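Engineer: This is target33.cif (mmCIF, C-alpha atoms).
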data_start
#
loop_
_atom_site.label_atom_id
_atom_site.label_comp_id
_atom_site.auth_asym_id
_atom_site.auth_seq_id
_atom_site.Cartn_x
_atom_site.Cartn_y
_atom_site.Cartn_z
CA MET A 970 -244.84 -141.01 -44.95
CA ILE A 971 -247.93 -139.26 -46.29
CA LEU A 972 -246.50 -136.96 -48.93
CA GLN A 973 -243.32 -136.88 -50.95
CA CYS A 974 -241.83 -135.59 -54.14
CA ARG A 975 -238.80 -136.49 -56.26
CA GLY A 976 -236.89 -134.60 -58.92
CA LEU A 977 -239.41 -131.77 -59.13
CA VAL A 978 -238.74 -129.33 -61.95
CA ARG A 979 -240.94 -126.37 -62.77
CA SER A 980 -240.19 -123.41 -65.01
CA TYR A 981 -242.02 -120.18 -65.67
CA GLY A 982 -240.84 -119.08 -69.09
CA PRO A 983 -237.04 -119.04 -68.99
CA THR A 984 -236.98 -119.03 -65.16
CA GLN A 985 -236.50 -122.37 -63.44
CA ALA A 986 -238.33 -122.08 -60.12
CA LEU A 987 -237.64 -125.70 -59.11
CA ARG A 988 -234.54 -127.57 -60.24
CA GLY A 989 -234.96 -131.09 -58.93
CA VAL A 990 -236.40 -130.91 -55.41
CA ALA A 991 -236.94 -134.05 -53.35
CA MET A 992 -238.64 -134.08 -49.97
CA ALA A 993 -240.93 -136.17 -47.79
CA VAL A 994 -243.27 -135.49 -44.90
CA ASP A 995 -244.53 -137.91 -42.28
CA GLU A 996 -248.16 -138.06 -41.26
CA GLY A 997 -248.82 -135.48 -38.55
CA GLU A 998 -245.50 -133.77 -39.09
CA ILE A 999 -245.21 -130.00 -39.36
CA LEU A 1000 -242.61 -129.12 -41.98
CA ALA A 1001 -241.37 -125.59 -42.63
CA VAL A 1002 -240.14 -124.85 -46.15
CA THR A 1003 -237.86 -121.84 -45.88
CA GLY A 1004 -235.64 -119.72 -48.05
CA PRO A 1005 -235.30 -116.23 -49.51
CA SER A 1006 -237.90 -114.91 -51.95
CA GLY A 1007 -237.52 -116.50 -55.35
CA CYS A 1008 -236.05 -119.74 -53.97
CA GLY A 1009 -239.01 -121.76 -55.27
CA LYS A 1010 -240.76 -122.46 -51.98
CA SER A 1011 -244.21 -121.28 -53.10
CA THR A 1012 -243.88 -123.17 -56.38
CA LEU A 1013 -243.02 -126.29 -54.40
CA LEU A 1014 -246.14 -125.82 -52.27
CA HIS A 1015 -248.28 -125.32 -55.40
CA CYS A 1016 -246.92 -128.54 -56.94
CA LEU A 1017 -247.44 -130.54 -53.73
CA ALA A 1018 -250.98 -129.22 -53.31
CA GLY A 1019 -251.89 -129.99 -56.93
CA ILE A 1020 -252.47 -126.34 -57.74
CA THR A 1021 -249.85 -126.45 -60.48
CA ARG A 1022 -248.28 -129.35 -62.30
CA PRO A 1023 -244.51 -129.86 -62.34
CA ASP A 1024 -242.72 -130.04 -65.71
CA ALA A 1025 -240.88 -133.13 -64.48
CA GLY A 1026 -240.68 -135.24 -61.35
CA GLU A 1027 -243.21 -136.97 -59.12
CA VAL A 1028 -245.56 -135.83 -56.37
CA ILE A 1029 -246.91 -138.73 -54.36
CA TYR A 1030 -249.73 -138.35 -51.83
CA ARG A 1031 -250.29 -141.68 -50.08
CA ASP A 1032 -250.32 -144.00 -53.12
CA GLN A 1033 -251.43 -141.43 -55.68
CA ARG A 1034 -249.30 -139.66 -58.26
CA VAL A 1035 -250.69 -136.15 -57.86
CA ASP A 1036 -248.71 -134.91 -60.86
CA LEU A 1037 -250.47 -137.42 -63.14
CA LEU A 1038 -254.01 -136.55 -62.05
CA SER A 1039 -256.34 -134.59 -64.32
CA GLU A 1040 -257.42 -131.09 -63.34
CA ALA A 1041 -260.68 -132.57 -62.01
CA GLY A 1042 -258.79 -135.19 -60.03
CA ARG A 1043 -256.51 -132.59 -58.46
CA ALA A 1044 -259.52 -130.38 -57.69
CA ARG A 1045 -261.16 -133.29 -55.89
CA LEU A 1046 -258.00 -133.90 -53.88
CA ARG A 1047 -257.82 -130.24 -52.91
CA ARG A 1048 -261.48 -130.33 -51.85
CA THR A 1049 -261.33 -133.50 -49.79
CA GLU A 1050 -257.77 -134.20 -48.65
CA PHE A 1051 -255.98 -130.86 -48.67
CA GLY A 1052 -256.54 -127.49 -47.05
CA VAL A 1053 -254.85 -124.28 -48.14
CA LEU A 1054 -254.10 -121.08 -46.24
CA PHE A 1055 -252.55 -118.13 -48.08
CA GLN A 1056 -251.23 -114.81 -46.88
CA PHE A 1057 -254.54 -112.99 -47.38
CA GLY A 1058 -257.51 -112.51 -49.62
CA GLN A 1059 -259.19 -115.88 -49.54
CA LEU A 1060 -262.42 -114.96 -47.81
CA VAL A 1061 -265.49 -114.03 -49.83
CA ALA A 1062 -266.18 -110.41 -48.91
CA GLU A 1063 -269.97 -110.70 -49.26
CA LEU A 1064 -270.29 -113.69 -46.90
CA THR A 1065 -270.20 -113.75 -43.10
CA ALA A 1066 -267.42 -115.57 -41.23
CA ALA A 1067 -269.71 -118.54 -40.58
CA GLU A 1068 -270.75 -118.69 -44.25
CA ASN A 1069 -267.14 -118.47 -45.38
CA VAL A 1070 -266.10 -121.37 -43.15
CA ALA A 1071 -269.15 -123.43 -44.21
CA LEU A 1072 -268.46 -122.87 -47.92
CA PRO A 1073 -266.12 -125.84 -48.58
CA LEU A 1074 -268.61 -128.19 -46.93
CA LEU A 1075 -271.50 -126.81 -48.99
CA LEU A 1076 -269.45 -127.23 -52.17
CA ALA A 1077 -268.78 -130.83 -51.15
CA GLY A 1078 -272.54 -131.45 -50.80
CA THR A 1079 -273.00 -131.27 -47.04
CA GLY A 1080 -276.45 -130.04 -45.90
CA ARG A 1081 -276.80 -126.37 -45.06
CA ARG A 1082 -277.62 -126.94 -41.41
CA GLU A 1083 -274.86 -129.42 -40.78
CA ALA A 1084 -272.32 -127.18 -42.54
CA ARG A 1085 -273.32 -124.23 -40.40
CA THR A 1086 -273.01 -126.23 -37.18
CA ALA A 1087 -269.52 -127.39 -38.20
CA ALA A 1088 -268.53 -123.84 -39.15
CA LEU A 1089 -269.64 -122.44 -35.81
CA SER A 1090 -267.75 -125.13 -33.95
CA TRP A 1091 -264.53 -124.30 -35.87
CA LEU A 1092 -264.95 -120.60 -35.22
CA ASP A 1093 -265.31 -121.45 -31.55
CA ARG A 1094 -262.14 -123.55 -31.56
CA LEU A 1095 -260.34 -120.62 -33.16
CA GLY A 1096 -261.55 -118.19 -30.51
CA VAL A 1097 -263.64 -116.12 -32.94
CA ALA A 1098 -267.14 -117.49 -32.27
CA ASP A 1099 -268.39 -113.97 -31.61
CA LEU A 1100 -267.47 -112.93 -35.16
CA ALA A 1101 -269.70 -115.55 -36.84
CA GLU A 1102 -272.07 -112.99 -38.36
CA LYS A 1103 -269.42 -110.42 -39.30
CA ARG A 1104 -268.15 -109.95 -42.85
CA PRO A 1105 -264.36 -109.98 -43.52
CA GLY A 1106 -264.26 -106.20 -43.93
CA GLU A 1107 -265.58 -105.74 -40.40
CA VAL A 1108 -262.84 -107.67 -38.58
CA SER A 1109 -259.05 -107.30 -38.15
CA GLY A 1110 -256.45 -108.99 -40.35
CA GLY A 1111 -255.58 -111.49 -37.62
CA GLN A 1112 -259.25 -112.36 -37.14
CA GLN A 1113 -259.70 -112.77 -40.90
CA GLN A 1114 -256.76 -115.17 -40.96
CA ARG A 1115 -258.29 -117.22 -38.15
CA VAL A 1116 -261.55 -117.44 -40.11
CA ALA A 1117 -259.52 -118.44 -43.20
CA LEU A 1118 -257.82 -121.12 -41.08
CA GLY A 1119 -261.26 -122.38 -40.06
CA ARG A 1120 -262.22 -122.55 -43.71
CA ALA A 1121 -259.05 -124.49 -44.54
CA LEU A 1122 -259.63 -126.97 -41.70
CA VAL A 1123 -263.42 -127.43 -41.81
CA THR A 1124 -263.19 -130.36 -44.25
CA GLU A 1125 -260.68 -131.98 -41.86
CA PRO A 1126 -257.96 -132.21 -44.50
CA ARG A 1127 -255.06 -134.64 -44.06
CA VAL A 1128 -252.56 -132.06 -45.30
CA LEU A 1129 -252.70 -128.33 -44.66
CA TYR A 1130 -250.63 -126.10 -46.95
CA ALA A 1131 -249.87 -122.66 -45.52
CA ASP A 1132 -248.02 -120.08 -47.63
CA GLU A 1133 -246.69 -117.19 -45.51
CA PRO A 1134 -249.92 -117.36 -43.48
CA THR A 1135 -248.82 -114.55 -41.16
CA GLY A 1136 -246.92 -112.46 -43.69
CA ALA A 1137 -249.43 -109.62 -43.56
CA LEU A 1138 -249.97 -109.64 -39.78
CA ASP A 1139 -248.26 -107.93 -36.87
CA THR A 1140 -246.27 -110.15 -34.50
CA LEU A 1141 -248.92 -110.86 -31.90
CA ALA A 1142 -251.74 -111.47 -34.39
CA GLY A 1143 -249.42 -113.75 -36.37
CA GLU A 1144 -248.49 -115.62 -33.24
CA GLN A 1145 -252.15 -116.32 -32.47
CA VAL A 1146 -252.78 -117.65 -35.98
CA LEU A 1147 -249.70 -119.90 -35.81
CA GLY A 1148 -250.54 -121.04 -32.28
CA HIS A 1149 -254.03 -122.09 -33.35
CA MET A 1150 -252.75 -123.70 -36.54
CA VAL A 1151 -250.16 -125.83 -34.75
CA ARG A 1152 -252.48 -126.80 -31.89
CA LEU A 1153 -255.36 -127.82 -34.19
CA ALA A 1154 -253.00 -129.66 -36.57
CA ARG A 1155 -251.66 -131.68 -33.63
CA GLU A 1156 -255.17 -132.43 -32.35
CA GLN A 1157 -256.33 -133.62 -35.78
CA ARG A 1158 -252.99 -135.21 -36.64
CA THR A 1159 -252.98 -133.05 -39.75
CA THR A 1160 -249.74 -132.81 -41.69
CA VAL A 1161 -248.67 -129.22 -42.31
CA VAL A 1162 -246.42 -127.80 -45.01
CA LEU A 1163 -245.63 -124.26 -43.89
CA VAL A 1164 -243.87 -121.95 -46.36
CA THR A 1165 -242.09 -118.98 -44.77
CA HIS A 1166 -239.02 -116.78 -45.09
CA ASP A 1167 -239.09 -116.03 -41.34
CA ALA A 1168 -237.02 -118.15 -38.93
CA ARG A 1169 -239.38 -117.23 -36.09
CA VAL A 1170 -242.32 -118.68 -38.03
CA ALA A 1171 -240.34 -121.76 -39.08
CA ALA A 1172 -239.60 -122.39 -35.39
CA TYR A 1173 -243.22 -123.55 -34.96
CA ALA A 1174 -242.46 -126.54 -37.20
CA ASP A 1175 -240.91 -129.90 -36.26
CA ARG A 1176 -238.39 -129.67 -39.06
CA GLU A 1177 -237.14 -127.33 -41.71
CA LEU A 1178 -236.39 -127.80 -45.40
CA ALA A 1179 -234.29 -124.91 -46.69
CA LEU A 1180 -234.52 -124.11 -50.41
CA ARG A 1181 -232.19 -121.96 -52.42
CA ASP A 1182 -232.42 -121.33 -56.17
CA GLY A 1183 -234.86 -124.17 -56.67
CA VAL A 1184 -232.89 -126.88 -54.89
CA ALA A 1185 -232.43 -127.98 -51.28
CA ASP A 1186 -229.89 -125.60 -49.73
CA PRO A 1187 -226.77 -127.58 -48.78
CA THR A 1188 -225.99 -125.09 -46.03
CA GLY A 1189 -229.52 -125.57 -44.68
CA LEU A 1190 -229.23 -129.34 -44.32
CA GLY A 1191 -227.76 -128.91 -40.87
CA LEU A 1192 -231.14 -127.61 -39.81
CA ASN A 1193 -232.73 -130.97 -40.45
CA ALA A 1194 -230.28 -132.72 -38.20
CA SER A 1195 -231.69 -130.93 -35.18
CA ALA A 1196 -235.15 -132.37 -35.72
CA GLY A 1197 -234.51 -135.66 -33.90
CA ARG A 1198 -237.29 -138.06 -34.78
CA HIS A 1199 -237.83 -136.70 -38.27
CA ALA A 1200 -234.20 -136.32 -39.20
CA GLY A 1201 -233.98 -138.88 -41.99
CA SER A 1202 -237.12 -138.12 -43.93
CA ALA A 1203 -235.93 -135.16 -45.96
CA ARG A 1204 -233.81 -137.28 -48.21
CA MET B 1287 -214.66 -114.29 -22.94
CA SER B 1288 -213.15 -114.46 -26.41
CA THR B 1289 -210.34 -111.87 -26.20
CA SER B 1290 -207.75 -114.55 -25.41
CA HIS B 1291 -208.84 -116.58 -28.44
CA VAL B 1292 -208.77 -113.55 -30.70
CA LEU B 1293 -205.21 -112.86 -29.53
CA LEU B 1294 -204.28 -116.49 -30.21
CA GLY B 1295 -205.79 -116.07 -33.68
CA LEU B 1296 -203.73 -112.94 -34.30
CA LEU B 1297 -200.57 -114.76 -33.16
CA ALA B 1298 -201.29 -117.72 -35.45
CA SER B 1299 -199.58 -115.98 -38.38
CA GLY B 1300 -196.42 -115.08 -36.42
CA PRO B 1301 -195.06 -113.39 -33.25
CA ARG B 1302 -196.32 -109.92 -32.34
CA HIS B 1303 -195.81 -107.32 -29.64
CA GLY B 1304 -198.53 -106.26 -27.25
CA TYR B 1305 -199.04 -102.96 -29.03
CA ASP B 1306 -199.24 -104.68 -32.38
CA LEU B 1307 -201.85 -107.07 -31.01
CA LYS B 1308 -204.00 -104.26 -29.67
CA ARG B 1309 -203.91 -102.45 -33.00
CA ALA B 1310 -204.66 -105.57 -35.03
CA HIS B 1311 -207.48 -106.50 -32.65
CA ASP B 1312 -209.15 -103.08 -32.88
CA GLU B 1313 -208.78 -103.08 -36.64
CA ARG B 1314 -210.25 -106.53 -37.15
CA LEU B 1315 -213.03 -106.21 -34.59
CA PRO B 1316 -214.15 -102.62 -34.53
CA ARG B 1317 -216.34 -102.32 -31.47
CA ALA B 1318 -217.74 -99.56 -29.36
CA ARG B 1319 -214.83 -99.89 -26.95
CA PRO B 1320 -211.32 -100.68 -28.19
CA LEU B 1321 -209.22 -103.18 -26.28
CA ALA B 1322 -207.31 -101.55 -23.39
CA PHE B 1323 -203.52 -102.04 -23.22
CA GLY B 1324 -203.90 -103.35 -19.68
CA GLN B 1325 -206.26 -106.02 -20.94
CA VAL B 1326 -203.85 -107.07 -23.68
CA TYR B 1327 -201.05 -107.61 -21.16
CA THR B 1328 -203.19 -109.37 -18.53
CA THR B 1329 -204.58 -111.64 -21.22
CA LEU B 1330 -201.10 -112.38 -22.58
CA GLY B 1331 -199.93 -113.06 -19.01
CA ARG B 1332 -202.72 -115.56 -18.51
CA LEU B 1333 -202.06 -117.21 -21.88
CA GLU B 1334 -198.35 -117.48 -21.02
CA ARG B 1335 -199.13 -118.96 -17.61
CA ASP B 1336 -201.33 -121.59 -19.30
CA GLY B 1337 -198.59 -122.38 -21.82
CA LEU B 1338 -200.61 -121.21 -24.82
CA VAL B 1339 -198.13 -118.46 -25.78
CA ARG B 1340 -194.51 -117.77 -24.89
CA ALA B 1341 -192.17 -114.81 -25.08
CA ALA B 1342 -190.30 -115.04 -28.38
CA ALA B 1343 -187.90 -112.11 -28.35
CA GLN B 1344 -187.20 -109.00 -26.42
CA GLU B 1345 -186.08 -105.67 -27.83
CA ARG B 1346 -184.59 -103.19 -25.46
CA ALA B 1347 -183.06 -100.71 -27.85
CA GLY B 1348 -183.28 -97.74 -25.56
CA GLY B 1349 -187.07 -97.81 -25.55
CA PRO B 1350 -189.48 -99.52 -23.20
CA ASP B 1351 -189.64 -103.26 -22.79
CA ARG B 1352 -191.04 -104.75 -26.00
CA THR B 1353 -191.71 -108.42 -25.69
CA ALA B 1354 -192.97 -110.28 -28.75
CA TYR B 1355 -195.16 -113.29 -28.07
CA GLU B 1356 -195.62 -116.38 -30.14
CA ILE B 1357 -198.28 -119.07 -30.10
CA THR B 1358 -197.30 -122.55 -28.82
CA GLN B 1359 -198.54 -125.94 -30.02
CA PRO B 1360 -201.05 -126.20 -27.14
CA GLY B 1361 -202.09 -122.64 -28.09
CA ARG B 1362 -202.84 -123.71 -31.66
CA ALA B 1363 -204.79 -126.71 -30.41
CA GLU B 1364 -206.84 -124.47 -28.12
CA LEU B 1365 -207.55 -122.08 -31.00
CA VAL B 1366 -208.73 -124.88 -33.29
CA ALA B 1367 -210.96 -126.28 -30.54
CA TRP B 1368 -212.51 -122.86 -29.94
CA LEU B 1369 -213.12 -122.25 -33.64
CA GLY B 1370 -214.90 -125.57 -33.99
CA ALA B 1371 -217.10 -125.26 -30.89
CA VAL B 1372 -220.65 -124.02 -31.41
CA GLU B 1373 -221.61 -121.23 -29.01
CA PRO B 1374 -224.56 -121.87 -26.70
CA PRO B 1375 -227.37 -119.95 -28.45
CA ALA B 1376 -228.31 -117.15 -26.06
CA PRO B 1377 -229.01 -113.43 -26.34
CA TYR B 1378 -225.82 -111.34 -26.38
CA VAL B 1379 -223.77 -114.13 -27.90
CA THR B 1380 -223.34 -112.06 -31.07
CA SER B 1381 -219.97 -110.47 -30.32
CA THR B 1382 -218.44 -113.87 -29.63
CA LEU B 1383 -219.93 -115.18 -32.88
CA LEU B 1384 -218.46 -112.23 -34.73
CA ALA B 1385 -215.04 -112.72 -33.16
CA LYS B 1386 -215.09 -116.39 -34.01
CA VAL B 1387 -216.04 -115.88 -37.64
CA VAL B 1388 -213.46 -113.12 -38.13
CA VAL B 1389 -210.73 -115.28 -36.55
CA ALA B 1390 -211.83 -118.32 -38.54
CA LEU B 1391 -211.46 -116.40 -41.79
CA MET B 1392 -208.08 -115.16 -40.60
CA VAL B 1393 -206.48 -118.46 -39.58
CA ALA B 1394 -208.55 -121.15 -41.31
CA ASP B 1395 -210.02 -121.37 -44.81
CA ARG B 1396 -213.48 -120.43 -45.97
CA ALA B 1397 -214.64 -124.03 -45.94
CA HIS B 1398 -213.94 -124.21 -42.21
CA ALA B 1399 -215.65 -120.90 -41.58
CA ARG B 1400 -218.70 -122.15 -43.49
CA GLU B 1401 -218.76 -125.41 -41.55
CA TYR B 1402 -218.74 -123.46 -38.35
CA LEU B 1403 -221.45 -121.06 -39.54
CA ILE B 1404 -223.69 -123.94 -40.62
CA ALA B 1405 -223.27 -125.73 -37.27
CA GLN B 1406 -223.94 -122.51 -35.39
CA ARG B 1407 -227.03 -121.81 -37.47
CA ALA B 1408 -228.38 -125.28 -36.72
CA ALA B 1409 -227.84 -124.70 -32.99
CA HIS B 1410 -229.60 -121.34 -33.16
CA THR B 1411 -232.53 -122.81 -35.07
CA ALA B 1412 -232.95 -125.66 -32.62
CA ARG B 1413 -232.93 -123.19 -29.74
CA LEU B 1414 -235.49 -121.00 -31.52
CA ARG B 1415 -237.76 -124.02 -31.80
CA GLU B 1416 -237.37 -124.83 -28.09
CA LEU B 1417 -238.15 -121.26 -27.07
CA THR B 1418 -241.18 -121.20 -29.38
CA ALA B 1419 -242.51 -124.40 -27.84
CA ARG B 1420 -242.00 -122.96 -24.36
CA LYS B 1421 -243.76 -119.74 -25.31
CA THR B 1422 -246.77 -121.44 -26.91
CA ASP B 1423 -247.30 -123.79 -23.98
CA PRO B 1424 -250.79 -122.82 -22.74
CA GLY B 1425 -249.49 -122.92 -19.16
CA ALA B 1426 -246.67 -120.42 -19.77
CA ALA B 1427 -246.69 -117.40 -17.45
CA LEU B 1428 -246.55 -113.93 -19.00
CA GLY B 1429 -243.04 -113.36 -17.67
CA ALA B 1430 -241.80 -116.57 -19.29
CA VAL B 1431 -243.42 -115.62 -22.60
CA ILE B 1432 -241.80 -112.18 -22.56
CA ALA B 1433 -238.41 -113.68 -21.69
CA ALA B 1434 -238.78 -116.13 -24.59
CA ASP B 1435 -239.74 -113.24 -26.92
CA PHE B 1436 -236.59 -111.41 -25.88
CA ALA B 1437 -234.33 -114.37 -26.61
CA ILE B 1438 -236.15 -115.15 -29.89
CA ALA B 1439 -235.74 -111.58 -31.17
CA HIS B 1440 -231.99 -111.66 -30.52
CA LEU B 1441 -231.46 -115.15 -31.93
CA ASP B 1442 -233.46 -114.18 -35.02
CA ALA B 1443 -231.14 -111.22 -35.57
CA ASP B 1444 -228.12 -113.54 -35.15
CA LEU B 1445 -229.64 -115.99 -37.62
CA ARG B 1446 -230.10 -113.31 -40.27
CA TRP B 1447 -226.49 -112.24 -39.77
CA LEU B 1448 -225.29 -115.88 -39.94
CA GLN B 1449 -227.17 -116.36 -43.22
CA THR B 1450 -225.80 -113.16 -44.74
CA THR B 1451 -222.30 -114.15 -43.65
CA LEU B 1452 -222.73 -117.61 -45.17
CA ASP B 1453 -223.78 -115.95 -48.43
CA ARG B 1454 -220.78 -113.62 -48.33
CA VAL B 1455 -218.30 -116.34 -47.44
CA GLY B 1456 -219.73 -118.50 -50.20
CA ALA B 1457 -219.90 -115.75 -52.80
CA THR B 1458 -216.30 -114.52 -52.93
CA ASN B 1459 -212.92 -116.13 -53.18
CA GLY B 1460 -209.81 -115.07 -51.31
CA GLU B 1461 -209.96 -113.19 -48.04
CA GLN B 1462 -211.81 -109.87 -47.75
#
Show me, as structure tokens, the structure contained in the file I just sent.
Structural biologist:
Amino acid sequence: MILQCRGLVRSYGPTQALRGVAMAVDEGEILAVTGPSGCGKSTLLHCLAGITRPDAGEVIYRDQRVDLLSEAGRARLRRTEFGVLFQFGQLVAELTAAENVALPLLLAGTGRREARTAALSWLDRLGVADLAEKRPGEVSGGQQQRVALGRALVTEPRVLYADEPTGALDTLAGEQVLGHMVRLAREQRTTVVLVTHDARVAAYADRELALRDGVADPTGLGLNASAGRHAGSAR
Amino acid sequence: MSTSHVLLGLLASGPRHGYDLKRAHDERLPRARPLAFGQVYTTLGRLERDGLVRAAAQERAGGPDRTAYEITQPGRAELVAWLGAVEPPAPYVTSTLLAKVVVALMVADRAHAREYLIAQRAAHTARLRELTARKTDPGAALGAVIAADFAIAHLDADLRWLQTTLDRVGATNGEQ
């Protein structure tokens, strides 16, 4: 088990987004977190990834209490151990695809040349090597998302968090992004937490955790039973 | 085919005539094509042959033969077994799912209907995952990918309906 949480509570003003969520993910597992909008799935992802802090409860990555880390500590974790892929808008418009992918490595202190070589190799693995010198505005939404995936994976994170990564794409472009994401995650043995409202997207995962009104959906628990090898770990 | 089970479900609350059954069927399960009288009587004949229903009473007050049928114990057992069995997730399964949920709400309680819906949703989700794996296999031929797309689109529609139905069944008390 690489990542887990217990009793997570998080409110925004009077609204309780999470009301005591517990979950666990195995190393290399691809977990889909599903549910209607407003069910708390994005808030859960933000708490797990150390982007926001829960009001109560524990987030444990390996042996570390993520919820107890300082802002600097969580930032370090996000830079070195985690990768994040959002729906859109993460690429720097002024930089080329190769520069965008190289950025996390440069921020982590890797040499310019080495970072560029790594970036080009990731673009190649994502089938967009020919776009290396293009800026985000010059390529399609699906291609942008593949570049963003390269940027999320270039540091070889142990956990990739993806929040509706194909929400803004048409079916085929979305399929390509998901196909690459799942294939590369399996190759690198990267754990993936995939937030989606779409059953067709969730079907790329090994297992599904359904949320409803900030808690695990009791009617969704049946979904976990179909996962075979991972069945017990949602508890 | 689910017509025989729907008729068993309609008979669960008491004996009915063929005409009555047809009307109740069309009312409960409004479809493009209403149930034909011929089909009602052939289905009843088959159910009677299998011992799942039996003739209860006959009225012959000047009019045509009006036989009322009633469900037997084996008939009730068959109905319960059908209601509990998850349908194999495949395209075009929707009308059977609909029939089953409507009959479940008619003869069983909401808790049973929910149990069934949850089990069916799990089966659909597992099948969706299988089809997705098949489709994303780098060796998959175009025809296989398109066939998987077709099944996925239909199962996804079923899943959305199952979820909405779960919400409805959970949200209200008492039938309809």
Engineer: Using all atoms listed in the file, which chain B residues lie at most 7 Å away from chain A, written as a list in words?
Structural biologist: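 In the required form, that comes to Ile1404, Ala1405, Ala1408, Thr1411, Ala1412, Leu1414, Arg1415, Thr1418, Thr1422 and Asp1442 of chain B.
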Engineer: When you look at A:Leu1054 with a cut-off of 8 Å (counting only C-alpha atoms), what residues show up, excluding the ones that are within fewer than 6 positions of it in the same chain? I need them as a PyMOL selection string.
Structural biologist: chain A and resi 1117-1118+1121+1129-1132+1134
Engineer: Apply the PyMOL selection byres ((chain A and resi 1097) around 10) to the structure shown and report the selected residues as a PyMOL selection string.
Structural biologist: chain A and resi 1066+1089-1096+1098-1101+1112-1113+1115-1116+1119
Engineer: Check which residues satisfy the PyMOL selection byres ((chain A and resi 1008) around 12) in the file shown, then give them as a PyMOL selection string.
Structural biologist: chain A and resi 984-988+990+1002-1007+1009-1014+1164-1166+1178-1186
Engineer: Given the file shown, determine the residues that the PyMOL selection byres ((chain A and resi 1022-1034) around 10) selects; report them as number ranges by chain.
Structural biologist: A: 970-981, 987-994, 996, 1012-1013, 1015-1021, 1035-1040, 1043, 1046, 1050, 1128
Engineer: Just to confirm, what's the straight-line distance from atom CA of B:Gly1304 to atom CA of B:Thr1380 in Å (one decimal)?
Structural biologist: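 Separation of atom CA of B:Gly1304 and atom CA of B:Thr1380: 25.8 Å.
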Engineer: For the atom pair atom CA of B:Ala1419 and atom CA of B:Lys1386, what is the interatomic distance in Å to one decimal place?
Structural biologist: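 Atom CA of B:Ala1419 sits 29.2 Å away from atom CA of B:Lys1386.
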Engineer: From the set B:His1398, B:Leu1321, B:Leu1403, B:Arg1340, which residue has the shortest atom-to-atom contact distance to B:Leu1384, counting all atoms listed in the file?
Structural biologist: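 Residue with the minimum atom-to-atom distance to B:Leu1384: B:Leu1403.
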Engineer: Do you have the atom CA of A:Gly1078-atom CA of A:Glu1156 distance handy?
Structural biologist: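 Distance between the two atoms: 25.4 Å.
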Engineer: With all atoms listed in the file as the counted atoms, please give the residues lying no more than 10 Å from B:Val1389, apart from itself and same-chain residues fewer than 2 positions off, as a PDB file with C-alpha atoms, in the frame of the given file.
Structural biologist:
ATOM      1  CA  HIS B1291    -208.840-116.580 -28.440  1.00  0.00           C
ATOM      2  CA  VAL B1292    -208.770-113.550 -30.700  1.00  0.00           C
ATOM      3  CA  LEU B1293    -205.210-112.860 -29.530  1.00  0.00           C
ATOM      4  CA  LEU B1294    -204.280-116.490 -30.210  1.00  0.00           C
ATOM      5  CA  GLY B1295    -205.790-116.070 -33.680  1.00  0.00           C
ATOM      6  CA  LEU B1296    -203.730-112.940 -34.300  1.00  0.00           C
ATOM      7  CA  ALA B1298    -201.290-117.720 -35.450  1.00  0.00           C
ATOM      8  CA  ARG B1314    -210.250-106.530 -37.150  1.00  0.00           C
ATOM      9  CA  LEU B1315    -213.030-106.210 -34.590  1.00  0.00           C
ATOM     10  CA  LEU B1365    -207.550-122.080 -31.000  1.00  0.00           C
ATOM     11  CA  LEU B1369    -213.120-122.250 -33.640  1.00  0.00           C
ATOM     12  CA  LEU B1383    -219.930-115.180 -32.880  1.00  0.00           C
ATOM     13  CA  LEU B1384    -218.460-112.230 -34.730  1.00  0.00           C
ATOM     14  CA  ALA B1385    -215.040-112.720 -33.160  1.00  0.00           C
ATOM     15  CA  LYS B1386    -215.090-116.390 -34.010  1.00  0.00           C
ATOM     16  CA  VAL B1387    -216.040-115.880 -37.640  1.00  0.00           C
ATOM     17  CA  LEU B1391    -211.460-116.400 -41.790  1.00  0.00           C
ATOM     18  CA  MET B1392    -208.080-115.160 -40.600  1.00  0.00           C
ATOM     19  CA  VAL B1393    -206.480-118.460 -39.580  1.00  0.00           C
ATOM     20  CA  ALA B1394    -208.550-121.150 -41.310  1.00  0.00           C
ATOM     21  CA  ALA B1399    -215.650-120.900 -41.580  1.00  0.00           C
TER      22      ALA B1399
END
Engineer: Just checking: using all atoms listed in the file, which residue out of A:Glu1107, A:Glu1068, A:Glu1125, A:Glu1083 ends up closest to A:Leu1153?
Structural biologist: A:Glu1125
Engineer: Skipping near chain neighbours, those fewer than 5 positions away, what residues fall within 10 Å of A:Ala1087 using all atoms listed in the file, listed as a PDB file with C-alpha atoms, in the frame of the given file?
Structural biologist:
ATOM      1  CA  ALA A1067    -269.710-118.540 -40.580  1.00  0.00           C
ATOM      2  CA  VAL A1070    -266.100-121.370 -43.150  1.00  0.00           C
ATOM      3  CA  ALA A1071    -269.150-123.430 -44.210  1.00  0.00           C
ATOM      4  CA  LEU A1074    -268.610-128.190 -46.930  1.00  0.00           C
ATOM      5  CA  ARG A1082    -277.620-126.940 -41.410  1.00  0.00           C
ATOM      6  CA  LEU A1092    -264.950-120.600 -35.220  1.00  0.00           C
ATOM      7  CA  ASP A1093    -265.310-121.450 -31.550  1.00  0.00           C
ATOM      8  CA  GLY A1119    -261.260-122.380 -40.060  1.00  0.00           C
ATOM      9  CA  VAL A1123    -263.420-127.430 -41.810  1.00  0.00           C
ATOM     10  CA  THR A1124    -263.190-130.360 -44.250  1.00  0.00           C
TER      11      THR A1124
END
Engineer: Which residue gives the smallest distance to B:Pro1377 among B:Val1431, B:Glu1313, B:Asp1453, B:Arg1413, with all atoms listed in the file counted?
Structural biologist: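 Closest to B:Pro1377 of all the choices is B:Arg1413.
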